[in-house]
Every structure is written in C-alpha cells, then in structure tokens.
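See below for final.pdb, which holds PDB, C-alpha atoms.
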MODEL        1
ATOM      1  CA  MET A1177     -10.266  52.347  69.116
ATOM      2  CA  ARG A1178     -12.488  51.260  66.299
ATOM      3  CA  GLY A1179     -11.248  48.494  64.014
ATOM      4  CA  ARG A1180     -11.143  48.884  60.290
ATOM      5  CA  ARG A1181     -14.016  47.445  58.346
ATOM      6  CA  SER A1182     -13.113  45.281  55.367
ATOM      7  CA  VAL A1183     -15.110  45.945  52.223
ATOM      8  CA  LEU A1184     -15.965  43.069  49.878
ATOM      9  CA  TYR A1185     -16.099  44.253  46.253
ATOM     10  CA  ILE A1186     -18.419  42.294  43.989
ATOM     11  CA  PRO A1187     -17.961  43.271  40.339
ATOM     12  CA  THR A1188     -21.027  43.742  38.203
ATOM     13  CA  ALA A1189     -21.711  41.762  35.056
ATOM     14  CA  ALA A1190     -20.686  44.774  32.970
ATOM     15  CA  ALA A1191     -17.372  45.038  34.801
ATOM     16  CA  LEU A1192     -16.697  41.341  34.275
ATOM     17  CA  ALA A1193     -17.416  41.706  30.580
ATOM     18  CA  LEU A1194     -14.891  44.536  30.327
ATOM     19  CA  LEU A1195     -12.333  42.470  32.238
ATOM     20  CA  VAL A1196     -12.711  39.479  29.943
ATOM     21  CA  ALA A1197     -12.524  41.673  26.866
ATOM     22  CA  GLY A1198      -9.342  43.273  28.161
ATOM     23  CA  CYS A1199      -7.686  39.905  28.807
ATOM     24  CA  GLY A1200      -8.379  38.729  25.270
ATOM     25  CA  GLY A1201      -6.265  41.440  23.690
ATOM     26  CA  GLY A1202      -8.038  41.162  20.325
ATOM     27  CA  ALA A1203     -10.598  39.358  18.236
ATOM     28  CA  ARG A1204     -11.232  35.634  18.418
ATOM     29  CA  GLN A1205      -8.816  33.479  16.445
ATOM     30  CA  ASP A1206     -11.655  32.088  14.333
ATOM     31  CA  ALA A1207     -13.339  35.462  13.768
ATOM     32  CA  HIS A1208     -12.380  35.651  10.086
ATOM     33  CA  GLU A1209     -12.600  31.940   9.216
ATOM     34  CA  PRO A1210     -15.759  31.183   7.192
ATOM     35  CA  SER A1211     -18.078  28.358   8.172
ATOM     36  CA  ALA A1212     -17.988  26.416   4.917
ATOM     37  CA  SER A1213     -16.863  23.157   3.286
ATOM     38  CA  TYR A1214     -14.201  23.005   0.603
ATOM     39  CA  GLN A1215     -13.482  20.190  -1.827
ATOM     40  CA  LEU A1216      -9.895  18.959  -1.834
ATOM     41  CA  GLU A1217      -8.017  16.033  -3.334
ATOM     42  CA  ILE A1218      -4.926  14.331  -1.927
ATOM     43  CA  THR A1219      -3.062  13.776  -5.189
ATOM     44  CA  HIS A1220       0.097  12.271  -3.718
ATOM     45  CA  ALA A1221       1.222  10.773  -0.404
ATOM     46  CA  GLY A1222       4.839   9.625  -0.612
ATOM     47  CA  PHE A1223       6.741   7.973   2.228
ATOM     48  CA  SER A1224       9.131   5.069   1.737
ATOM     49  CA  GLY A1225       7.605   1.868   3.101
ATOM     50  CA  LYS A1226      11.043   0.513   4.053
ATOM     51  CA  GLN A1227      13.321   2.690   6.139
ATOM     52  CA  ALA A1228      16.214   2.281   8.569
ATOM     53  CA  ILE A1229      17.266   3.991  11.773
ATOM     54  CA  ALA A1230      19.481   7.062  11.258
ATOM     55  CA  ARG A1231      18.800   7.217   7.509
ATOM     56  CA  GLN A1232      17.007  10.404   6.471
ATOM     57  CA  SER A1233      13.689  10.006   4.691
ATOM     58  CA  GLN A1234      11.062  12.356   3.295
ATOM     59  CA  PHE A1235       7.300  12.431   3.702
ATOM     60  CA  GLU A1236       5.556  14.378   0.945
ATOM     61  CA  LEU A1237       1.880  15.218   0.690
ATOM     62  CA  GLN A1238       0.291  17.074  -2.221
ATOM     63  CA  VAL A1239      -3.146  18.645  -1.823
ATOM     64  CA  ARG A1240      -5.186  20.051  -4.725
ATOM     65  CA  ASN A1241      -8.153  22.388  -4.472
ATOM     66  CA  THR A1242     -10.752  20.779  -6.746
ATOM     67  CA  GLY A1243     -13.525  23.151  -5.727
ATOM     68  CA  SER A1244     -14.504  26.545  -7.093
ATOM     69  CA  GLN A1245     -13.605  28.647  -4.036
ATOM     70  CA  THR A1246     -10.265  29.568  -2.490
ATOM     71  CA  VAL A1247      -9.448  27.509   0.613
ATOM     72  CA  PRO A1248      -8.759  29.970   3.482
ATOM     73  CA  ASN A1249      -5.745  28.159   4.951
ATOM     74  CA  VAL A1250      -4.829  24.642   3.869
ATOM     75  CA  ALA A1251      -3.376  22.693   6.799
ATOM     76  CA  VAL A1252      -2.182  19.149   7.496
ATOM     77  CA  THR A1253      -2.077  17.312  10.824
ATOM     78  CA  VAL A1254       0.235  14.295  11.189
ATOM     79  CA  ASP A1255      -0.391  12.339  14.388
ATOM     80  CA  SER A1256       2.105   9.523  14.003
ATOM     81  CA  PHE A1257       5.629  10.934  14.104
ATOM     82  CA  ASN A1258       5.609  10.168  17.864
ATOM     83  CA  TYR A1259       4.504   7.345  20.146
ATOM     84  CA  THR A1260       3.322   7.231  23.753
ATOM     85  CA  SER A1261       5.790   5.626  26.156
ATOM     86  CA  ASN A1262       4.604   3.752  29.264
ATOM     87  CA  PHE A1263       7.977   4.064  31.006
ATOM     88  CA  ALA A1264       7.484   5.163  34.615
ATOM     89  CA  GLU A1265       8.089   8.726  35.856
ATOM     90  CA  LEU A1266       8.628  10.348  32.473
ATOM     91  CA  ALA A1267       8.238  14.121  32.430
ATOM     92  CA  ALA A1268       6.606  13.756  28.990
ATOM     93  CA  ASP A1269       5.313  10.460  27.618
ATOM     94  CA  LYS A1270       5.616  11.474  23.943
ATOM     95  CA  ARG A1271       8.713  10.042  22.286
ATOM     96  CA  PRO A1272       9.769  10.334  18.647
ATOM     97  CA  ILE A1273       9.566   7.621  16.034
ATOM     98  CA  TRP A1274      10.835  10.143  13.515
ATOM     99  CA  VAL A1275      12.832  13.256  14.376
ATOM    100  CA  ILE A1276      11.702  16.136  12.175
ATOM    101  CA  GLU A1277      14.731  17.882  10.707
ATOM    102  CA  GLN A1278      12.704  20.226   8.500
ATOM    103  CA  GLY A1279       8.977  20.822   8.244
ATOM    104  CA  PRO A1280       6.804  22.279   5.461
ATOM    105  CA  GLY A1281       7.181  25.905   4.466
ATOM    106  CA  ALA A1282       9.982  28.300   3.650
ATOM    107  CA  ILE A1283      13.008  28.587   5.936
ATOM    108  CA  ALA A1284      13.717  31.986   7.441
ATOM    109  CA  LYS A1285      16.869  33.704   6.164
ATOM    110  CA  PRO A1286      18.788  34.304   8.296
ATOM    111  CA  PRO A1287      17.527  31.461  10.544
ATOM    112  CA  VAL A1288      15.552  32.599  13.583
ATOM    113  CA  GLU A1289      16.867  32.017  17.093
ATOM    114  CA  SER A1290      14.210  29.411  17.897
ATOM    115  CA  GLN A1291      15.606  27.107  15.226
ATOM    116  CA  GLU A1292      17.639  25.268  17.875
ATOM    117  CA  VAL A1293      14.479  24.033  19.609
ATOM    118  CA  SER A1294      12.069  24.035  16.686
ATOM    119  CA  PRO A1295      12.768  22.473  13.273
ATOM    120  CA  PRO A1296      12.984  24.934  10.373
ATOM    121  CA  GLY A1297      10.012  25.403   8.084
ATOM    122  CA  GLY A1298       7.596  28.326   7.974
ATOM    123  CA  GLY A1299       4.452  26.176   8.053
ATOM    124  CA  GLN A1300       4.485  25.503  11.806
ATOM    125  CA  THR A1301       1.439  26.504  13.821
ATOM    126  CA  ALA A1302       0.493  26.717  17.492
ATOM    127  CA  TYR A1303      -1.629  23.595  17.025
ATOM    128  CA  VAL A1304      -0.119  20.204  17.924
ATOM    129  CA  ASN A1305       1.412  18.320  14.960
ATOM    130  CA  THR A1306      -0.208  20.734  12.497
ATOM    131  CA  TRP A1307       1.340  22.708   9.637
ATOM    132  CA  ALA A1308      -0.414  25.321   7.480
ATOM    133  CA  LEU A1309       0.689  26.912   4.198
ATOM    134  CA  GLY A1310      -1.944  29.588   3.692
ATOM    135  CA  ALA A1311      -4.691  30.117   1.133
ATOM    136  CA  LEU A1312      -5.071  27.723  -1.803
ATOM    137  CA  ALA A1313      -6.817  28.998  -4.931
ATOM    138  CA  ALA A1314      -9.218  26.861  -6.958
ATOM    139  CA  GLY A1315      -7.385  24.407  -9.213
ATOM    140  CA  LYS A1316      -4.030  24.913  -7.466
ATOM    141  CA  THR A1317      -1.881  22.325  -5.661
ATOM    142  CA  GLN A1318       0.128  22.788  -2.469
ATOM    143  CA  THR A1319       2.977  20.501  -1.406
ATOM    144  CA  PHE A1320       3.762  19.687   2.231
ATOM    145  CA  ARG A1321       7.192  18.162   2.760
ATOM    146  CA  TRP A1322       8.858  16.827   5.923
ATOM    147  CA  LYS A1323      12.512  15.761   6.124
ATOM    148  CA  VAL A1324      12.694  13.215   8.937
ATOM    149  CA  VAL A1325      15.091  10.706  10.482
ATOM    150  CA  PRO A1326      13.685   7.485  11.996
ATOM    151  CA  VAL A1327      14.991   6.720  15.493
ATOM    152  CA  LYS A1328      12.822   3.757  16.563
ATOM    153  CA  SER A1329      12.575   0.443  14.751
ATOM    154  CA  GLY A1330       9.279  -1.316  14.086
ATOM    155  CA  THR A1331       6.249  -1.104  11.821
ATOM    156  CA  TYR A1332       4.054   1.972  12.130
ATOM    157  CA  THR A1333       1.008   3.491  10.467
ATOM    158  CA  VAL A1334       1.328   7.200   9.769
ATOM    159  CA  THR A1335      -2.065   8.938   9.692
ATOM    160  CA  TYR A1336      -2.682  12.388   8.282
ATOM    161  CA  SER A1337      -5.668  14.696   7.829
ATOM    162  CA  VAL A1338      -6.184  17.840   5.768
ATOM    163  CA  ALA A1339      -8.134  20.895   6.929
ATOM    164  CA  ALA A1340      -9.258  24.081   5.198
ATOM    165  CA  GLY A1341      -8.521  26.259   8.241
ATOM    166  CA  LEU A1342      -7.097  26.126  11.744
ATOM    167  CA  ALA A1343     -10.160  27.085  13.804
ATOM    168  CA  GLY A1344     -12.361  24.164  12.723
ATOM    169  CA  LYS A1345     -15.009  26.255  10.954
ATOM    170  CA  SER A1346     -13.667  25.692   7.421
ATOM    171  CA  LYS A1347     -14.007  21.989   6.606
ATOM    172  CA  ALA A1348     -12.116  19.968   3.989
ATOM    173  CA  LYS A1349     -13.701  17.031   2.218
ATOM    174  CA  LEU A1350     -13.065  14.782  -0.762
ATOM    175  CA  ALA A1351     -15.292  14.692  -3.842
ATOM    176  CA  SER A1352     -17.065  11.697  -2.273
ATOM    177  CA  GLY A1353     -17.928  13.768   0.788
ATOM    178  CA  ALA A1354     -15.542  11.779   2.994
ATOM    179  CA  PRO A1355     -12.983  13.541   5.232
ATOM    180  CA  ALA A1356      -9.702  14.472   3.534
ATOM    181  CA  GLN A1357      -7.418  12.033   5.313
ATOM    182  CA  GLY A1358      -5.327   8.925   4.769
ATOM    183  CA  HIS A1359      -2.494   6.762   6.060
ATOM    184  CA  VAL A1360       0.715   4.988   5.019
ATOM    185  CA  THR A1361       2.443   2.003   6.651
ATOM    186  CA  VAL A1362       6.200   2.094   7.199
ATOM    187  CA  ALA A1363       8.656  -0.557   8.404
ATOM    188  CA  ILE A1364      11.811   0.798  10.088
ATOM    189  CA  ALA A1365      14.802  -1.544  10.310
ATOM    190  CA  SER A1366      16.985  -1.506  13.431
ATOM    191  CA  ALA A1367      20.161  -0.967  11.374
ATOM    192  CA  PRO A1368      20.829   0.756   8.055
ATOM    193  CA  PRO A1369      21.506  -1.510   5.065
ATOM    194  CA  LEU A1370      25.084  -2.211   4.040
ATOM    195  CA  THR A1371      26.480   0.035   1.339
ATOM    196  CA  HIS A1372      29.888   0.701  -0.159
ATOM    197  CA  VAL A1373      31.564   2.940  -2.681
ATOM    198  CA  ASP A1374      32.196   1.292  -6.032
ATOM    199  CA  PRO A1375      35.882   2.030  -6.760
ATOM    200  CA  LYS A1376      35.212   1.919 -10.505
ATOM    201  CA  THR A1377      32.392   4.477 -10.577
ATOM    202  CA  GLY A1378      32.728   6.320  -7.250
ATOM    203  CA  LYS A1379      29.035   5.780  -6.583
ATOM    204  CA  VAL A1380      27.465   4.422  -3.377
ATOM    205  CA  VAL A1381      25.893   1.023  -4.038
ATOM    206  CA  SER A1382      24.100  -1.557  -1.904
ATOM    207  CA  GLY A1383      25.883  -4.495  -0.277
ATOM    208  CA  ALA A1384      29.178  -5.119   1.470
ATOM    209  CA  PHE A1385      32.444  -4.100  -0.151
ATOM    210  CA  PRO A1386      33.667  -7.014  -2.254
ATOM    211  CA  THR A1387      36.837  -8.617  -1.024
ATOM    212  CA  THR A1388      39.431 -10.244  -3.235
ATOM    213  CA  PRO A1389      40.168 -13.949  -2.667
TER     214      PRO A1389
ENDMDL
END
Output the file's structure in the form of structure tokens.
Amino acid sequence: MRGRRSVLYIPTAAALALLVAGCGGGARQDAHEPSASYQLEITHAGFSGKQAIARQSQFELQVRNTGSQTVPNVAVTVDSFNYTSNFAELAADKRPIWVIEQGPGAIAKPPVESQEVSPPGGGQTAYVNTWALGALAAGKTQTFRWKVVPVKSGTYTVTYSVAAGLAGKSKAKLASGAPAQGHVTVAIASAPPLTHVDPKTGKVVSGAFPTTP
C-alpha cells in the first residue's frame, strides 16, 4: 500500500501581500496625518506645588495654536502620573503617584460600561498616557484638564509634551523652534492638612478646631 505524500505549500510574494493586506483590515493609522510642523504655545500649566495624600487636585494645561494652519489633532502626553516599582515579583511594575479620577474630554452620557476600569473623559487614546482633543484651528486655545488624587508622598517632577497628531508625522513646536513640552514640580505630603468648620461662618478653614480653656 502506497503511503500518502505530504505537499509543502510555499506561498508566492503576491499571495503574502494579499494576506498581509487582509490582516490589516483598513488603511494605515497615519494615512491621513500630514507630515508637517505646527506652531503651538503652552499658555498655562497649572498644578498645585503643595498637595497631600487623598486630597483631590487638578492639573490643567492650555494649548494655543499660534500658527496659520489648523492642527490635525492636538494631543498631550503626561509621563509622570506613575512611577516604576522595584518590588519583586510584581505582575506590573507601574504604580500610581496620582490616581486619575477624570481625564480630558467630554464624559459620555449615559456613562459607558468601561468607566469602571477606565477614568471618564473622551480624550483617551490607545497610546500610553496620551490624550487627544481633536483639531485645533489657528488662533484657538484648547484646555486639557485632569482631576487626580495623590496616593504616594514625596516630591515629583511631572513632565508633559504636546503633539499635533498621534502618528508622529504632524510635529508641534514652540515659536522658538523648541519642542512643545514642559514640567512642574510637586510636593505631596503624607497626611492632609488639618482643617475644621468655623461654627460662626460654616466654612471649612485651615488648622485644628479651637478648644475653649
């Protein structure tokens, strides 16, 4: 009885090209992003320099288009909301310094199901630590705002950079030609400051509640 012969199929270059094209499922992500530079200005970077654990704070960044062309998709990357832990056998070595309660962008109404694992804010992208708020016309300003809660005490430098697109082809620069980026330094106390309610005004004020002799 003759045995069966096995046939080795070697695809041609044309077949491989069709296979790759089929796996892509569409055009490249950067297909419509122009290769150009856009002039931006960081008009405001606000983050309290003195914070305390468990007390909500807000990081606000305002970006203005000082050029003559519309920026395709203004985006901000913040690389310092987390730190790298050296503790042994961690499944993930990234740990939060600030927990993001709400990121830039509009909140879906009603909230989407993924809100439980992803902070609200329509500016989230698939890129790590990057938020985008769409096109920015010449002369207009866009505000990025993060509501965060510090969870680790210490002094940290928060770095941020602005881009004109997500694919890396549209570049953002300042009027000087330098990259559109910056940093702020923040000190986080291990305990929130003492406060109390003033019985005369009903307002929360700093310090311990005064005791009568």
Subject >> Of the listed residues A:Tyr1214, A:Ala1340, A:Thr1335, A:Lys1226, that which approaches Ala1363 of chain A most closely, counting only C-alpha atoms >> reply: A:Lys1226
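The closest residue to Asn1249 of chain A, picked from A:Leu1370, A:Ala1339, A:Val1380, A:Ile1218 and counting all atoms listed in the file, is A:Ala1339.
Atom CA of Gly1279 of chain A lies 23.3 Å from atom CA of Pro1368 of chain A.
Straight-line separation from atom CA of Gln1227 of chain A to atom CA of Ala1365 of chain A: 6.1 Å.
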**OP:** Just the residues within 10 Å of Val1373 of chain A, please, counting all atoms listed in the file, with nothing from its chain fewer than 5 positions along; format it as an MDAnalysis selection string.
**Re:** chainID A and resid 1378:1385
**OP:** Could you expand the PyMOL selection byres ((chain A and resi 1252) around 8) into the explicit residues it covers here, written as number ranges by chain?
**Re:** A: 1250-1251, 1253-1254, 1306-1308, 1320, 1336-1339
With C-alpha atoms retained, export the selected residues as an mmCIF file, in the coordinates of the input.
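In the end it all went to part-v2.cif:
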data_model
loop_
_atom_site.group_PDB
_atom_site.id
_atom_site.type_symbol
_atom_site.label_atom_id
_atom_site.label_comp_id
_atom_site.auth_asym_id
_atom_site.auth_seq_id
_atom_site.Cartn_x
_atom_site.Cartn_y
_atom_site.Cartn_z
ATOM 1 C CA VAL A 1250 -4.829 24.642 3.869
ATOM 2 C CA ALA A 1251 -3.376 22.693 6.799
ATOM 3 C CA THR A 1253 -2.077 17.312 10.824
ATOM 4 C CA VAL A 1254 0.235 14.295 11.189
ATOM 5 C CA THR A 1306 -0.208 20.734 12.497
ATOM 6 C CA TRP A 1307 1.340 22.708 9.637
ATOM 7 C CA ALA A 1308 -0.414 25.321 7.480
ATOM 8 C CA PHE A 1320 3.762 19.687 2.231
ATOM 9 C CA TYR A 1336 -2.682 12.388 8.282
ATOM 10 C CA SER A 1337 -5.668 14.696 7.829
ATOM 11 C CA VAL A 1338 -6.184 17.840 5.768
ATOM 12 C CA ALA A 1339 -8.134 20.895 6.929
#
**OP:** Starting from the displayed file, determine the output of the PyMOL selection byres ((chain A and resi 1219) around 12) and express the residue list as an MDAnalysis selection string.
**Re:** chainID A and resid 1216:1218 1220:1222 1236:1242 1316:1320 1350 1356:1358
Original post:
What residues come out when you apply the PyMOL selection byres ((chain A and resi 1366) around 10) to this file, written as a VMD selection string?
Top reply: chain A and resid 1227 to 1230 1326 to 1330 1363 to 1365 1367 to 1369
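As for atom CA of Arg1231 of chain A and atom CA of Thr1331 of chain A, they are spaced 15.7 Å apart.
Counting all atoms listed in the file, Asn1258 of chain A has the following residues at most 7 Å away, ignoring those fewer than 2 positions along the same chain: A:Ser1256, A:Thr1260, A:Lys1270, A:Arg1271, A:Pro1272, A:Ile1273, A:Trp1274.
Ranking A:Lys1323, A:Val1360, A:Lys1349, A:Gly1341 by their shortest atom-to-atom distance to Ala1311 of chain A, with only C-alpha atoms included, puts A:Gly1341 first.
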**OP:** With only C-alpha atoms counted, which protein, DNA or RNA residues have an atom no more than 8 Å from (-1.7, 14.9, 19.2) in the file frame? Please answer as a ChimeraX atom specification.
**Re:** /A:1255,1304-1305
Any chance you could export the current selection's C-alpha atoms as a short mmCIF file (atom, residue, chain, number, x, y, z; two decimals), keeping the file's coordinate frame?
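Ended up saving to result.cif:
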data_model
loop_
_atom_site.label_atom_id
_atom_site.label_comp_id
_atom_site.auth_asym_id
_atom_site.auth_seq_id
_atom_site.Cartn_x
_atom_site.Cartn_y
_atom_site.Cartn_z
CA ASP A 1255 -0.39 12.34 14.39
CA VAL A 1304 -0.12 20.20 17.92
CA ASN A 1305 1.41 18.32 14.96
#
Original post:
Of the candidates A:His1208, A:His1359, A:Lys1345, A:Arg1321, which shows the shortest atom-to-atom distance to Phe1235 of chain A, using only C-alpha atoms?
Top reply: A:Arg1321
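Taking only C-alpha atoms into account, the protein, DNA and RNA residues within 7 Å of (11.7, 30.4, 8.0) read A:Ala1282, A:Ile1283, A:Ala1284, A:Lys1285, A:Pro1287, A:Pro1296, A:Gly1297, A:Gly1298.
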Keeping only C-alpha atoms, write the selected residues to a file as a compact mmCIF listing (two decimals), keeping the file's coordinate frame.
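What follows is the written file out-v5.txt:
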# COMPACT_ATOMS: atom_id res chain seq x y z
CA ALA A 1282 9.98 28.30 3.65
CA ILE A 1283 13.01 28.59 5.94
CA ALA A 1284 13.72 31.99 7.44
CA LYS A 1285 16.87 33.70 6.16
CA PRO A 1287 17.53 31.46 10.54
CA PRO A 1296 12.98 24.93 10.37
CA GLY A 1297 10.01 25.40 8.08
CA GLY A 1298 7.60 28.33 7.97
